[in-house]
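Structure file model24.cif; described as mmCIF, C-alpha atoms and all ligand atoms.
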data_entry
#
loop_
_atom_site.label_atom_id
_atom_site.label_comp_id
_atom_site.auth_asym_id
_atom_site.auth_seq_id
_atom_site.Cartn_x
_atom_site.Cartn_y
_atom_site.Cartn_z
CA MET I 9 0.00 0.00 0.00
CA ASN I 10 1.19 3.52 -0.71
CA HIS I 11 1.49 5.18 2.68
CA LEU I 12 0.76 8.68 1.38
CA LEU I 13 -2.51 7.57 -0.16
CA SER I 14 -3.40 5.54 2.92
CA ALA I 15 -2.94 8.73 4.94
CA THR I 16 -5.10 10.80 2.58
CA GLY I 17 -8.74 11.07 3.58
CA THR I 18 -11.70 10.86 1.22
CA THR I 19 -12.26 14.29 -0.30
CA ILE I 20 -14.47 16.64 1.71
CA PHE I 21 -16.67 17.13 -1.38
CA THR I 22 -17.57 13.45 -1.50
CA VAL I 23 -17.99 13.27 2.28
CA MET I 24 -20.35 16.25 2.43
CA SER I 25 -22.30 15.25 -0.70
CA ALA I 26 -22.90 11.80 0.81
CA LEU I 27 -24.03 13.39 4.06
CA ALA I 28 -26.37 15.67 2.10
CA VAL I 29 -27.96 12.67 0.37
CA GLN I 30 -28.24 10.80 3.67
CA HIS I 31 -30.13 13.69 5.29
CA GLY I 32 -32.11 14.92 2.29
CA ALA I 33 -30.22 18.22 2.45
CA ILE I 34 -29.90 20.85 -0.26
CA ASN I 35 -26.30 20.50 -1.39
CA LEU I 36 -24.61 23.90 -1.32
CA GLY I 37 -21.40 22.05 -0.54
CA GLN I 38 -19.80 20.51 -3.62
CA GLY I 39 -19.47 23.12 -6.35
CA PHE I 40 -21.61 21.91 -9.23
CA PRO I 41 -24.46 23.74 -10.97
CA ASP I 42 -27.96 22.25 -10.71
CA TYR I 43 -28.70 23.55 -14.21
CA ASP I 44 -27.25 22.39 -17.50
CA GLY I 45 -24.76 24.17 -19.70
CA PRO I 46 -25.57 25.73 -23.10
CA GLU I 47 -27.90 23.67 -25.27
CA ASP I 48 -25.85 24.09 -28.45
CA VAL I 49 -22.79 22.69 -26.69
CA ILE I 50 -24.76 19.69 -25.41
CA GLU I 51 -26.24 19.16 -28.87
CA ALA I 52 -22.78 19.34 -30.41
CA ALA I 53 -21.69 16.56 -28.04
CA ALA I 54 -24.73 14.44 -28.90
CA ALA I 55 -24.09 14.90 -32.63
CA ALA I 56 -20.41 14.11 -32.17
CA LEU I 57 -21.30 10.88 -30.38
CA LYS I 58 -23.26 9.74 -33.42
CA ASP I 59 -20.92 10.66 -36.21
CA GLY I 60 -18.58 7.76 -35.81
CA ARG I 61 -15.55 9.43 -34.27
CA ASN I 62 -15.60 7.43 -31.08
CA GLN I 63 -12.13 5.91 -31.07
CA TYR I 64 -8.97 7.25 -29.46
CA PRO I 65 -8.47 10.88 -30.48
CA PRO I 66 -4.98 12.41 -30.84
CA MET I 67 -3.18 12.29 -27.52
CA THR I 68 -2.85 16.04 -26.97
CA GLY I 69 -6.46 16.71 -27.97
CA VAL I 70 -8.62 16.92 -31.09
CA PRO I 71 -7.35 19.66 -33.43
CA GLU I 72 -10.67 21.56 -33.22
CA LEU I 73 -10.34 21.96 -29.47
CA ARG I 74 -6.63 22.76 -29.49
CA ARG I 75 -7.35 25.48 -32.05
CA ALA I 76 -10.28 26.76 -29.97
CA VAL I 77 -8.11 26.91 -26.84
CA ALA I 78 -5.42 28.83 -28.73
CA GLU I 79 -8.04 31.20 -30.13
CA ALA I 80 -9.61 31.76 -26.69
CA ASN I 81 -6.16 32.66 -25.34
CA ARG I 82 -5.82 35.29 -28.04
CA ARG I 83 -9.38 36.59 -27.73
CA PHE I 84 -9.54 36.94 -23.95
CA TYR I 85 -5.92 37.64 -23.05
CA GLY I 86 -3.99 38.60 -26.18
CA LEU I 87 -1.80 35.48 -25.86
CA GLU I 88 -0.45 34.00 -29.10
CA VAL I 89 -0.53 30.22 -28.75
CA ASP I 90 0.47 27.48 -31.19
CA PRO I 91 -2.40 24.95 -31.08
CA ASP I 92 -0.11 22.10 -32.16
CA ARG I 93 2.82 22.71 -29.85
CA GLU I 94 1.47 24.62 -26.86
CA VAL I 95 -1.84 23.00 -25.83
CA VAL I 96 -2.69 19.71 -24.09
CA VAL I 97 -6.30 18.66 -23.55
CA THR I 98 -6.82 16.67 -20.34
CA SER I 99 -9.61 14.88 -18.51
CA GLY I 100 -10.56 17.84 -16.37
CA ALA I 101 -8.42 20.41 -14.64
CA THR I 102 -7.80 17.79 -11.97
CA GLU I 103 -5.73 15.75 -14.41
CA ALA I 104 -4.14 18.91 -15.79
CA ILE I 105 -2.89 19.92 -12.34
CA THR I 106 -1.29 16.51 -11.80
CA ALA I 107 0.16 16.44 -15.33
CA CYS I 108 1.74 19.90 -14.90
CA LEU I 109 3.20 19.01 -11.51
CA MET I 110 4.59 15.78 -12.99
CA ALA I 111 5.99 17.74 -15.93
CA VAL I 112 8.34 19.84 -13.81
CA LEU I 113 8.87 18.37 -10.33
CA ASN I 114 11.63 15.96 -9.36
CA PRO I 115 11.85 14.34 -5.92
CA GLY I 116 13.26 16.82 -3.43
CA ASP I 117 12.20 19.89 -5.40
CA GLU I 118 10.22 22.48 -3.48
CA CYS I 119 6.77 23.59 -4.59
CA VAL I 120 5.18 26.74 -3.17
CA LEU I 121 1.44 26.43 -2.47
CA ILE I 122 -1.00 29.00 -1.18
CA GLU I 123 -3.47 28.07 1.55
CA PRO I 124 -6.43 27.74 1.51
CA LEU I 125 -5.81 25.23 -1.25
CA TYR I 126 -7.81 22.91 -3.43
CA ASP I 127 -7.71 19.40 -2.07
CA THR I 128 -5.82 17.60 -4.85
CA TYR I 129 -2.76 19.87 -4.76
CA LEU I 130 -0.94 18.68 -1.69
CA PRO I 131 -1.31 14.89 -2.08
CA VAL I 132 0.01 15.05 -5.65
CA VAL I 133 2.99 17.24 -4.73
CA LYS I 134 3.85 14.76 -1.97
CA LEU I 135 3.30 11.69 -4.16
CA LEU I 136 5.87 13.10 -6.55
CA GLY I 137 8.36 13.28 -3.71
CA ALA I 138 8.46 17.07 -3.86
CA VAL I 139 8.46 19.24 -0.75
CA PRO I 140 5.47 21.56 -0.24
CA LYS I 141 6.09 25.07 1.09
CA LEU I 142 2.80 26.49 2.33
CA VAL I 143 2.00 30.19 2.45
CA ARG I 144 -1.19 31.09 4.25
CA LEU I 145 -3.91 33.58 3.35
CA SER I 146 -6.24 34.41 6.22
CA PRO I 147 -9.79 35.70 6.39
CA PRO I 148 -11.39 38.15 6.31
CA LYS I 149 -9.11 39.90 3.78
CA TRP I 150 -7.22 36.96 2.25
CA GLU I 151 -4.32 39.32 1.60
CA LEU I 152 -1.16 37.94 0.05
CA PRO I 153 1.47 38.00 2.82
CA ARG I 154 4.30 39.23 0.63
CA ALA I 155 7.18 38.73 3.06
CA GLU I 156 6.06 35.16 3.81
CA LEU I 157 5.60 34.41 0.15
CA ALA I 158 9.10 35.67 -0.62
CA ALA I 159 10.50 33.62 2.27
CA ALA I 160 8.87 30.45 0.90
CA PHE I 161 11.00 30.66 -2.25
CA GLY I 162 14.57 29.38 -2.10
CA PRO I 163 17.28 27.63 -4.11
CA LYS I 164 15.28 24.40 -4.26
CA THR I 165 12.03 26.00 -5.47
CA LYS I 166 10.96 24.46 -8.76
CA ALA I 167 7.34 25.54 -9.01
CA VAL I 168 4.48 27.47 -7.50
CA LEU I 169 0.92 26.17 -7.78
CA PHE I 170 -1.45 29.06 -7.80
CA ASN I 171 -5.25 29.43 -8.09
CA THR I 172 -7.04 32.59 -9.23
CA PRO I 173 -10.00 33.26 -9.13
CA MET I 174 -9.60 31.36 -5.92
CA ASN I 175 -11.60 28.54 -4.38
CA PRO I 176 -12.86 28.81 -1.61
CA THR I 177 -12.07 32.48 -0.94
CA GLY I 178 -13.66 34.08 -4.00
CA LYS I 179 -10.51 36.21 -4.26
CA VAL I 180 -9.27 37.46 -7.63
CA PHE I 181 -5.57 38.28 -7.47
CA THR I 182 -4.71 41.84 -8.47
CA ALA I 183 -2.19 42.93 -11.09
CA ALA I 184 0.12 44.13 -8.29
CA GLU I 185 -0.03 40.79 -6.45
CA LEU I 186 0.63 38.92 -9.69
CA ALA I 187 3.58 41.19 -10.46
CA PHE I 188 5.04 40.45 -7.02
CA LEU I 189 4.67 36.72 -7.64
CA ALA I 190 6.07 36.98 -11.18
CA ASP I 191 9.16 38.71 -9.85
CA LEU I 192 9.78 35.87 -7.37
CA ILE I 193 9.27 33.26 -10.08
CA GLU I 194 11.73 34.95 -12.36
CA ARG I 195 14.33 35.54 -9.65
CA HIS I 196 14.16 31.92 -8.54
CA ASP I 197 14.06 30.63 -12.11
CA CYS I 198 11.04 28.39 -11.56
CA TYR I 199 7.66 27.50 -13.06
CA ALA I 200 4.07 28.38 -12.22
CA ILE I 201 1.14 26.02 -12.49
CA CYS I 202 -1.84 28.33 -12.80
CA ASP I 203 -5.20 26.83 -11.88
CA GLU I 204 -7.55 29.24 -13.64
CA VAL I 205 -10.70 27.10 -13.80
CA TYR I 206 -12.84 30.06 -12.68
CA GLU I 207 -11.31 32.41 -15.27
CA HIS I 208 -14.71 33.42 -16.69
CA LEU I 209 -16.53 33.58 -13.37
CA THR I 210 -15.67 37.06 -12.08
CA TYR I 211 -18.07 39.73 -10.85
CA ASP I 212 -18.51 43.47 -10.30
CA GLY I 213 -16.01 44.43 -12.97
CA TRP I 214 -13.22 42.24 -11.57
CA LYS I 215 -11.23 40.79 -14.45
CA HIS I 216 -9.15 37.67 -14.34
CA ILE I 217 -5.52 38.28 -15.29
CA PRO I 218 -3.54 35.16 -16.24
CA LEU I 219 -0.09 35.21 -14.64
CA MET I 220 1.11 34.06 -18.06
CA THR I 221 0.39 37.51 -19.52
CA LEU I 222 2.89 39.26 -17.23
CA PRO I 223 6.37 40.13 -18.52
CA GLY I 224 8.74 37.17 -18.36
CA MET I 225 5.98 34.70 -17.54
CA ARG I 226 5.03 33.32 -20.97
CA GLY I 227 7.63 30.52 -20.88
CA ARG I 228 7.23 29.72 -17.19
CA CYS I 229 3.47 29.29 -16.77
CA MET I 230 1.24 26.31 -17.37
CA ARG I 231 -2.23 27.83 -17.55
CA ILE I 232 -5.14 25.48 -16.78
CA GLY I 233 -8.77 25.93 -17.81
CA SER I 234 -11.85 23.73 -17.34
CA ALA I 235 -14.91 23.28 -19.53
CA GLY I 236 -16.71 22.12 -16.40
CA LYS I 237 -16.73 25.65 -15.01
CA THR I 238 -16.80 27.62 -18.26
CA PHE I 239 -19.84 25.73 -19.57
CA SER I 240 -21.53 24.62 -16.33
CA LEU I 241 -20.87 20.98 -17.26
CA THR I 242 -18.74 19.76 -14.37
CA GLY I 243 -19.32 16.08 -15.11
CA TRP I 244 -17.72 16.30 -18.54
CA LYS I 245 -14.20 16.60 -17.15
CA VAL I 246 -12.57 18.34 -20.07
CA GLY I 247 -9.61 20.51 -19.12
CA TYR I 248 -6.89 22.22 -21.10
CA VAL I 249 -3.32 23.31 -20.46
CA THR I 250 -1.65 26.16 -22.32
CA CYS I 251 2.13 26.34 -21.98
CA ASP I 252 5.31 27.12 -23.86
CA ALA I 253 6.42 24.67 -26.55
CA ALA I 254 9.44 23.78 -24.40
CA LEU I 255 7.20 22.60 -21.54
CA GLN I 256 4.39 21.02 -23.54
CA PRO I 257 6.14 17.72 -24.38
CA ASN I 258 6.53 16.90 -20.69
CA VAL I 259 2.92 17.84 -19.92
CA ALA I 260 1.88 15.65 -22.84
CA LYS I 261 3.98 12.73 -21.56
CA ALA I 262 2.45 13.03 -18.11
CA HIS I 263 -1.00 13.03 -19.75
CA GLN I 264 0.07 10.01 -21.84
CA ASN I 265 0.72 8.12 -18.62
CA LEU I 266 -2.33 9.33 -16.72
CA THR I 267 -5.26 8.99 -19.12
CA PHE I 268 -3.65 9.21 -22.60
CA THR I 269 -6.76 10.85 -24.11
CA THR I 270 -10.07 12.52 -23.27
CA PRO I 271 -13.44 11.60 -24.92
CA PRO I 272 -13.35 13.04 -28.47
CA ASN I 273 -17.04 13.92 -28.67
CA LEU I 274 -16.91 16.04 -25.53
CA GLN I 275 -13.74 17.71 -26.77
CA ARG I 276 -15.42 18.69 -30.03
CA ALA I 277 -18.42 20.10 -28.19
CA VAL I 278 -16.17 22.15 -25.92
CA ALA I 279 -14.55 23.60 -29.05
CA VAL I 280 -18.03 24.81 -30.06
CA GLY I 281 -18.45 26.31 -26.61
CA LEU I 282 -15.18 28.23 -26.62
CA ALA I 283 -16.18 29.85 -29.90
CA LYS I 284 -19.39 31.26 -28.43
CA ASP I 285 -19.84 35.01 -28.58
CA ASP I 286 -19.14 37.51 -25.82
CA ALA I 287 -22.81 37.55 -24.84
CA TYR I 288 -22.44 33.97 -23.60
CA PHE I 289 -19.43 34.71 -21.40
CA ASP I 290 -20.94 37.95 -20.08
CA GLY I 291 -24.24 36.18 -19.47
CA LEU I 292 -22.53 33.40 -17.52
CA SER I 293 -20.90 35.77 -15.04
CA GLY I 294 -23.97 38.03 -14.97
CA GLU I 295 -26.26 35.15 -13.98
CA LEU I 296 -23.81 33.87 -11.40
CA ALA I 297 -23.51 37.36 -9.91
CA GLU I 298 -27.30 37.34 -9.42
CA ARG I 299 -27.16 33.94 -7.73
CA ARG I 300 -24.29 35.18 -5.55
CA ASP I 301 -26.29 38.25 -4.54
CA LEU I 302 -29.39 36.20 -3.75
CA LEU I 303 -27.48 33.83 -1.47
CA THR I 304 -25.25 36.50 0.08
CA ARG I 305 -28.11 38.84 0.92
CA GLY I 306 -30.16 35.98 2.27
CA LEU I 307 -27.33 34.80 4.52
CA GLN I 308 -26.76 38.35 5.72
CA ALA I 309 -30.46 38.74 6.51
CA LEU I 310 -30.14 35.67 8.73
CA GLY I 311 -27.28 37.32 10.63
CA PHE I 312 -24.27 35.80 8.89
CA GLU I 313 -21.35 38.01 8.04
CA THR I 314 -20.19 37.06 4.57
CA LEU I 315 -16.90 37.85 2.88
CA PRO I 316 -16.72 39.62 -0.50
CA VAL I 317 -16.79 37.38 -3.58
CA MET I 318 -14.97 38.67 -6.65
CA GLY I 319 -14.97 35.35 -8.50
CA SER I 320 -15.69 31.57 -8.33
CA TYR I 321 -18.86 29.68 -7.30
CA PHE I 322 -18.53 30.28 -3.58
CA VAL I 323 -19.39 32.60 -0.71
CA THR I 324 -17.88 32.14 2.75
CA ALA I 325 -19.84 33.00 5.87
CA ASP I 326 -18.61 33.62 9.41
CA ILE I 327 -20.45 31.11 11.59
CA ARG I 328 -19.70 33.02 14.80
CA SER I 329 -21.90 35.90 13.69
CA ILE I 330 -25.06 33.85 14.31
CA GLY I 331 -23.78 32.78 17.71
CA PHE I 332 -22.60 29.30 16.68
CA THR I 333 -19.92 28.30 19.17
CA GLY I 334 -18.55 25.11 17.60
CA ASP I 335 -16.09 24.90 14.72
CA ASP I 336 -16.79 24.89 11.01
CA VAL I 337 -16.90 21.09 10.80
CA ALA I 338 -19.51 20.93 13.57
CA PHE I 339 -21.45 23.73 11.88
CA CYS I 340 -21.53 22.06 8.45
CA ARG I 341 -22.59 18.77 10.03
CA ALA I 342 -25.28 20.50 12.10
CA ILE I 343 -26.84 22.41 9.23
CA THR I 344 -26.80 19.27 7.08
CA GLU I 345 -28.46 17.11 9.72
CA GLU I 346 -30.77 19.68 11.27
CA ALA I 347 -31.45 22.46 8.75
CA LYS I 348 -31.07 20.11 5.74
CA VAL I 349 -28.65 22.41 3.95
CA THR I 350 -25.03 21.42 3.27
CA ALA I 351 -21.91 23.59 3.14
CA ILE I 352 -18.17 22.89 3.22
CA PRO I 353 -15.95 23.71 6.23
CA VAL I 354 -13.15 26.04 5.14
CA THR I 355 -10.63 24.20 7.34
CA ALA I 356 -10.76 21.43 4.71
CA PHE I 357 -8.70 23.76 2.50
CA TYR I 358 -5.91 24.18 5.04
CA ALA I 359 -3.13 21.68 5.69
CA GLY I 360 -1.02 23.57 8.22
CA PRO I 361 -1.71 23.85 11.98
CA ASN I 362 -4.41 26.04 13.53
CA PRO I 363 -6.40 27.03 10.47
CA PRO I 364 -9.19 29.60 10.78
CA SER I 365 -12.09 27.40 11.83
CA HIS I 366 -15.14 29.64 11.77
CA TYR I 367 -16.00 29.91 8.09
CA ALA I 368 -18.32 27.79 5.97
CA ARG I 369 -18.30 27.80 2.16
CA PHE I 370 -21.66 27.88 0.38
CA ALA I 371 -21.94 27.24 -3.38
CA PHE I 372 -24.31 29.61 -5.18
CA CYS I 373 -24.26 27.91 -8.63
CA LYS I 374 -27.86 26.78 -8.08
CA ASN I 375 -31.31 27.74 -9.30
CA ALA I 376 -32.89 30.70 -7.49
CA ALA I 377 -35.72 28.56 -6.09
CA VAL I 378 -33.18 26.15 -4.59
CA LEU I 379 -31.19 28.99 -3.03
CA GLU I 380 -34.42 30.46 -1.64
CA GLU I 381 -35.48 27.14 -0.17
CA ALA I 382 -32.01 26.68 1.38
CA LEU I 383 -32.28 30.15 2.94
CA ALA I 384 -35.76 29.37 4.27
CA ARG I 385 -34.46 26.17 5.86
CA LEU I 386 -31.50 27.97 7.41
CA GLY I 387 -33.86 30.73 8.59
CA ALA I 388 -35.98 28.19 10.44
CA TRP I 389 -32.82 26.76 12.04
CA VAL I 390 -30.79 29.78 13.22
N1 LIG Q 401 -9.29 23.52 -9.39
C1 LIG Q 401 -10.17 24.15 -8.61
C2 LIG Q 401 -9.75 25.36 -7.87
C3 LIG Q 401 -11.47 23.66 -8.50
O1 LIG Q 401 -12.35 24.28 -7.71
C4 LIG Q 401 -11.83 22.50 -9.21
C5 LIG Q 401 -13.19 21.91 -9.03
N2 LIG Q 401 -14.03 22.37 -9.88
C6 LIG Q 401 -10.88 21.89 -10.04
C7 LIG Q 401 -9.62 22.42 -10.09
C8 LIG Q 401 -11.19 20.65 -10.82
O2 LIG Q 401 -11.71 20.93 -12.07
P1 LIG Q 401 -12.21 19.77 -13.05
O3 LIG Q 401 -13.59 19.40 -12.61
O4 LIG Q 401 -12.15 20.35 -14.42
O5 LIG Q 401 -11.27 18.62 -12.88
N1 LIG Q 402 -14.36 21.89 -7.30
C1 LIG Q 402 -15.51 21.48 -6.59
C2 LIG Q 402 -15.62 22.25 -5.28
O1 LIG Q 402 -14.70 22.93 -4.88
C3 LIG Q 402 -15.56 20.02 -6.25
C4 LIG Q 402 -14.97 19.06 -7.21
C5 LIG Q 402 -14.92 17.70 -6.58
O2 LIG Q 402 -15.88 17.27 -5.97
N2 LIG Q 402 -13.81 17.07 -6.68
O3 LIG Q 402 -16.64 22.15 -4.68
#
Once you've parsed the file, please lay out its structure as structure tokens.
Amino acid sequence: MNHLLSATGTTIFTVMSALAVQHGAINLGQGFPDYDGPEDVIEAAAAALKDGRNQYPPMTGVPELRRAVAEANRRFYGLEVDPDREVVVTSGATEAITACLMAVLNPGDECVLIEPLYDTYLPVVKLLGAVPKLVRLSPPKWELPRAELAAAFGPKTKAVLFNTPMNPTGKVFTAAELAFLADLIERHDCYAICDEVYEHLTYDGWKHIPLMTLPGMRGRCMRIGSAGKTFSLTGWKVGYVTCDAALQPNVAKAHQNLTFTTPPNLQRAVAVGLAKDDAYFDGLSGELAERRDLLTRGLQALGFETLPVMGSYFVTADIRSIGFTGDDVAFCRAITEEAKVTAIPVTAFYAGPNPPSHYARFAFCKNAAVLEEALARLGAWV
């Protein structure tokens, strides 16, 4: 048995979703929409299933999708990308993260990670024999602690794994923060794995800036996107990596050894999605902003203090503000069992000692009626 995997718990998303089912709770825990993505994208997938291209596609992705990823990089960020030499399509961002870490890390290399962090990051870094260096963001401001970040970099640093817009904080890193990080990356001659799955889910005029667009960063960044988030189709598990032609062969070889390919029909449908007009992308964030406002205002009306959400699917609420005296795990269990609403404890995103333990993460990527019912249930409980 692999001792690192034996020591890894079942993901909090699976644990809380199972608890939600067991108690008939509305699941505002795991971040998946309860509505489907765009009909034309789904129809494109259905048509692609029937047109006889159901065998192994090219390893790095079907040409249509690689071209669409390159074009989206140009359209949204002004990045010039070679679809044949600088893109790898993966089975979700989850695979992409692992493939990028595998592409650059050797045992003993250090990898800088920012807490709170998504739950697959740390186990994979450790499985590769690399050494994690954690830098902590704390609520309520989630500010980047610049001195600590700088201190986490050293002669053994090979990579930083970085998520913006950020789950679970809803933070969108600013140009100044990115510039600070870019400077460290350049000075320490290392790589950045950029988890940008929420790139199109930003609100109130906040714009996502890929680290890759900063001076000196084009050859150092592996930029990861996910069709699951961009098209509200989380079960499809189609992700894509954009990186320099010098890095791409290693990302491709990692992918070759992980899954080798990703279903061709879904890839072709995602290519249709990425070509959709600006109205689609604006509409996506506009609708999510309304859902965010509905849930945030509702939680506030119940007495919860909530933290600002600039991007992502999630709002975090301070559980002390309604007089709850236990920790976030006890809170999420209590509301699941008693109020029949599920959330995720924010401590699940921390690996270091003494994490902030009084925040719960609620997903707002749900229909308005579901959010209203969840608020009514919480209202009867508080
Ligand atoms: N990174 C972050 C920050 C996430 O929240 C998620 C979950 N949606 C993923 C990666 C995984 O994305 P995918 O479903 O495309 O594997
Ligand atoms: N990314 C989703 C979340 O943060 C969960 C994905 C999963 O269940 N692995 O809720």
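When CA of Glu151 in chain I is paired with CA of Pro176 in chain I, their separation reads 13.9 Å.
Those residues that approach Val180 in chain I to within 6 Å, counting all atoms listed in the file, are Thr172, Pro173 and Met318 of chain I; same-chain residues fewer than 4 positions away are not listed.
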Fill in: Within 10 Å of Thr16 in chain I using all atoms listed in the file, minus same-chain residues under 5 positions, as an MDAnalysis selection string
chainID I and resid 11 130:131
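Taking only C-alpha atoms, the non-local environment of range 342-345 of chain I within 10 Å (same-chain residues fewer than 6 positions away omitted) comprises Met24, Ser25, Leu27, Ala28, Val29, Gln30, His31, Gly32, Ala33, Ile34, Asn35, Leu36, Gly37, Gly334, Asp336, Ala351, Arg385, Leu386, Trp389 and Val390 of chain I.
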For chain I versus ligand LIG 402 (chain Q), which residues have an atom no more than 6 Å away, and what is each residue's nearest atom pair and distance in Å rounded to one decimal, using only C-alpha atoms and all ligand atoms, chain-then-number order, as JSON lines?
{"residue": "I:Phe21", "atom": "CA", "partner": "Q:LIG402", "partner_atom": "O2", "distance": 4.7}
{"residue": "I:Gln38", "atom": "CA", "partner": "Q:LIG402", "partner_atom": "O3", "distance": 3.7}
{"residue": "I:Gly39", "atom": "CA", "partner": "Q:LIG402", "partner_atom": "O3", "distance": 3.4}
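With all atoms listed in the file as the atoms that count, the minimum distance from Gln275 in chain I to the choices I:Asn175, I:Asn81, I:Asn62, I:Thr182 is reached by I:Asn62.
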Exercise answer, 10 Å around ligand LIG 401 (chain Q) with all atoms listed in the file, as a CSV table (one decimal) with C-alpha atoms, keeping the file's coordinate frame:
chain,number,residue,atom,x,y,z
I,21,PHE,CA,-16.7,17.1,-1.4
I,38,GLN,CA,-19.8,20.5,-3.6
I,39,GLY,CA,-19.5,23.1,-6.4
I,40,PHE,CA,-21.6,21.9,-9.2
I,98,THR,CA,-6.8,16.7,-20.3
I,99,SER,CA,-9.6,14.9,-18.5
I,100,GLY,CA,-10.6,17.8,-16.4
I,101,ALA,CA,-8.4,20.4,-14.6
I,102,THR,CA,-7.8,17.8,-12.0
I,103,GLU,CA,-5.7,15.8,-14.4
I,104,ALA,CA,-4.1,18.9,-15.8
I,105,ILE,CA,-2.9,19.9,-12.3
I,125,LEU,CA,-5.8,25.2,-1.2
I,126,TYR,CA,-7.8,22.9,-3.4
I,127,ASP,CA,-7.7,19.4,-2.1
I,128,THR,CA,-5.8,17.6,-4.8
I,129,TYR,CA,-2.8,19.9,-4.8
I,170,PHE,CA,-1.4,29.1,-7.8
I,171,ASN,CA,-5.2,29.4,-8.1
I,172,THR,CA,-7.0,32.6,-9.2
I,173,PRO,CA,-10.0,33.3,-9.1
I,174,MET,CA,-9.6,31.4,-5.9
I,175,ASN,CA,-11.6,28.5,-4.4
I,176,PRO,CA,-12.9,28.8,-1.6
I,202,CYS,CA,-1.8,28.3,-12.8
I,203,ASP,CA,-5.2,26.8,-11.9
I,204,GLU,CA,-7.6,29.2,-13.6
I,205,VAL,CA,-10.7,27.1,-13.8
I,206,TYR,CA,-12.8,30.1,-12.7
I,232,ILE,CA,-5.1,25.5,-16.8
I,233,GLY,CA,-8.8,25.9,-17.8
I,234,SER,CA,-11.8,23.7,-17.3
I,235,ALA,CA,-14.9,23.3,-19.5
I,236,GLY,CA,-16.7,22.1,-16.4
I,237,LYS,CA,-16.7,25.6,-15.0
I,238,THR,CA,-16.8,27.6,-18.3
I,241,LEU,CA,-20.9,21.0,-17.3
I,242,THR,CA,-18.7,19.8,-14.4
I,243,GLY,CA,-19.3,16.1,-15.1
I,244,TRP,CA,-17.7,16.3,-18.5
I,245,LYS,CA,-14.2,16.6,-17.2
I,246,VAL,CA,-12.6,18.3,-20.1
I,247,GLY,CA,-9.6,20.5,-19.1
I,248,TYR,CA,-6.9,22.2,-21.1
I,320,SER,CA,-15.7,31.6,-8.3
I,321,TYR,CA,-18.9,29.7,-7.3
I,322,PHE,CA,-18.5,30.3,-3.6
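The residue set within 12 Å of Leu255 in chain I, counting only C-alpha atoms and dropping same-chain residues fewer than 4 places from it, reads Arg93, Glu94, Val95, Val96, Ala107, Cys108, Leu109, Met110, Ala111, Val112, Tyr199, Ala200, Ile201, Arg226, Gly227, Arg228, Cys229, Met230, Arg231, Val249, Thr250, Cys251, Val259, Ala260, Lys261 and Ala262 of chain I.
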Residue neighbourhood Ala138 in chain I, 8 Å, only C-alpha atoms, exclusion window fewer than 6 positions, as a PDB file with C-alpha atoms, in the frame of the given file:
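Ended up saving to part-v3.pdb:
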ATOM      1  CA  LEU I 113       8.870  18.370 -10.330  1.00  0.00           C
ATOM      2  CA  ASN I 114      11.630  15.960  -9.360  1.00  0.00           C
ATOM      3  CA  PRO I 115      11.850  14.340  -5.920  1.00  0.00           C
ATOM      4  CA  GLY I 116      13.260  16.820  -3.430  1.00  0.00           C
ATOM      5  CA  ASP I 117      12.200  19.890  -5.400  1.00  0.00           C
ATOM      6  CA  GLU I 118      10.220  22.480  -3.480  1.00  0.00           C
ATOM      7  CA  CYS I 119       6.770  23.590  -4.590  1.00  0.00           C
TER       8      CYS I 119
END
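Within 6 Å of the file-frame point (-24.0, 33.1, 6.2), and using all atoms listed in the file, the polymer residues found are Leu307, Gln308, Phe312, Glu313, Thr314 and Ala325 of chain I.
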Worksheet, complete the sentence: Atom pair CA of Val317 in chain I + CA of Lys179 in chain I, distance 6.4 Å
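Atom pair CA of Arg305 in chain I / CA of Lys348 in chain I: separated by 19.6 Å.
Distances to Arg61 in chain I were evaluated for I:Ala377, I:Leu302, I:Ala80, I:Leu274 using only C-alpha atoms, and the minimum falls at I:Leu274.
With distances restricted to all atoms listed in the file, I:Asn273 is the closest residue to Lys58 in chain I from I:Leu152, I:Leu136, I:Phe370, I:Asn273.
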Item to complete: Using only C-alpha atoms, pick whichever of I:Ala158, I:Ser14, I:Thr19, I:Arg276 has the shortest atom-to-atom distance to Ala356 in chain I.
Response: I:Thr19
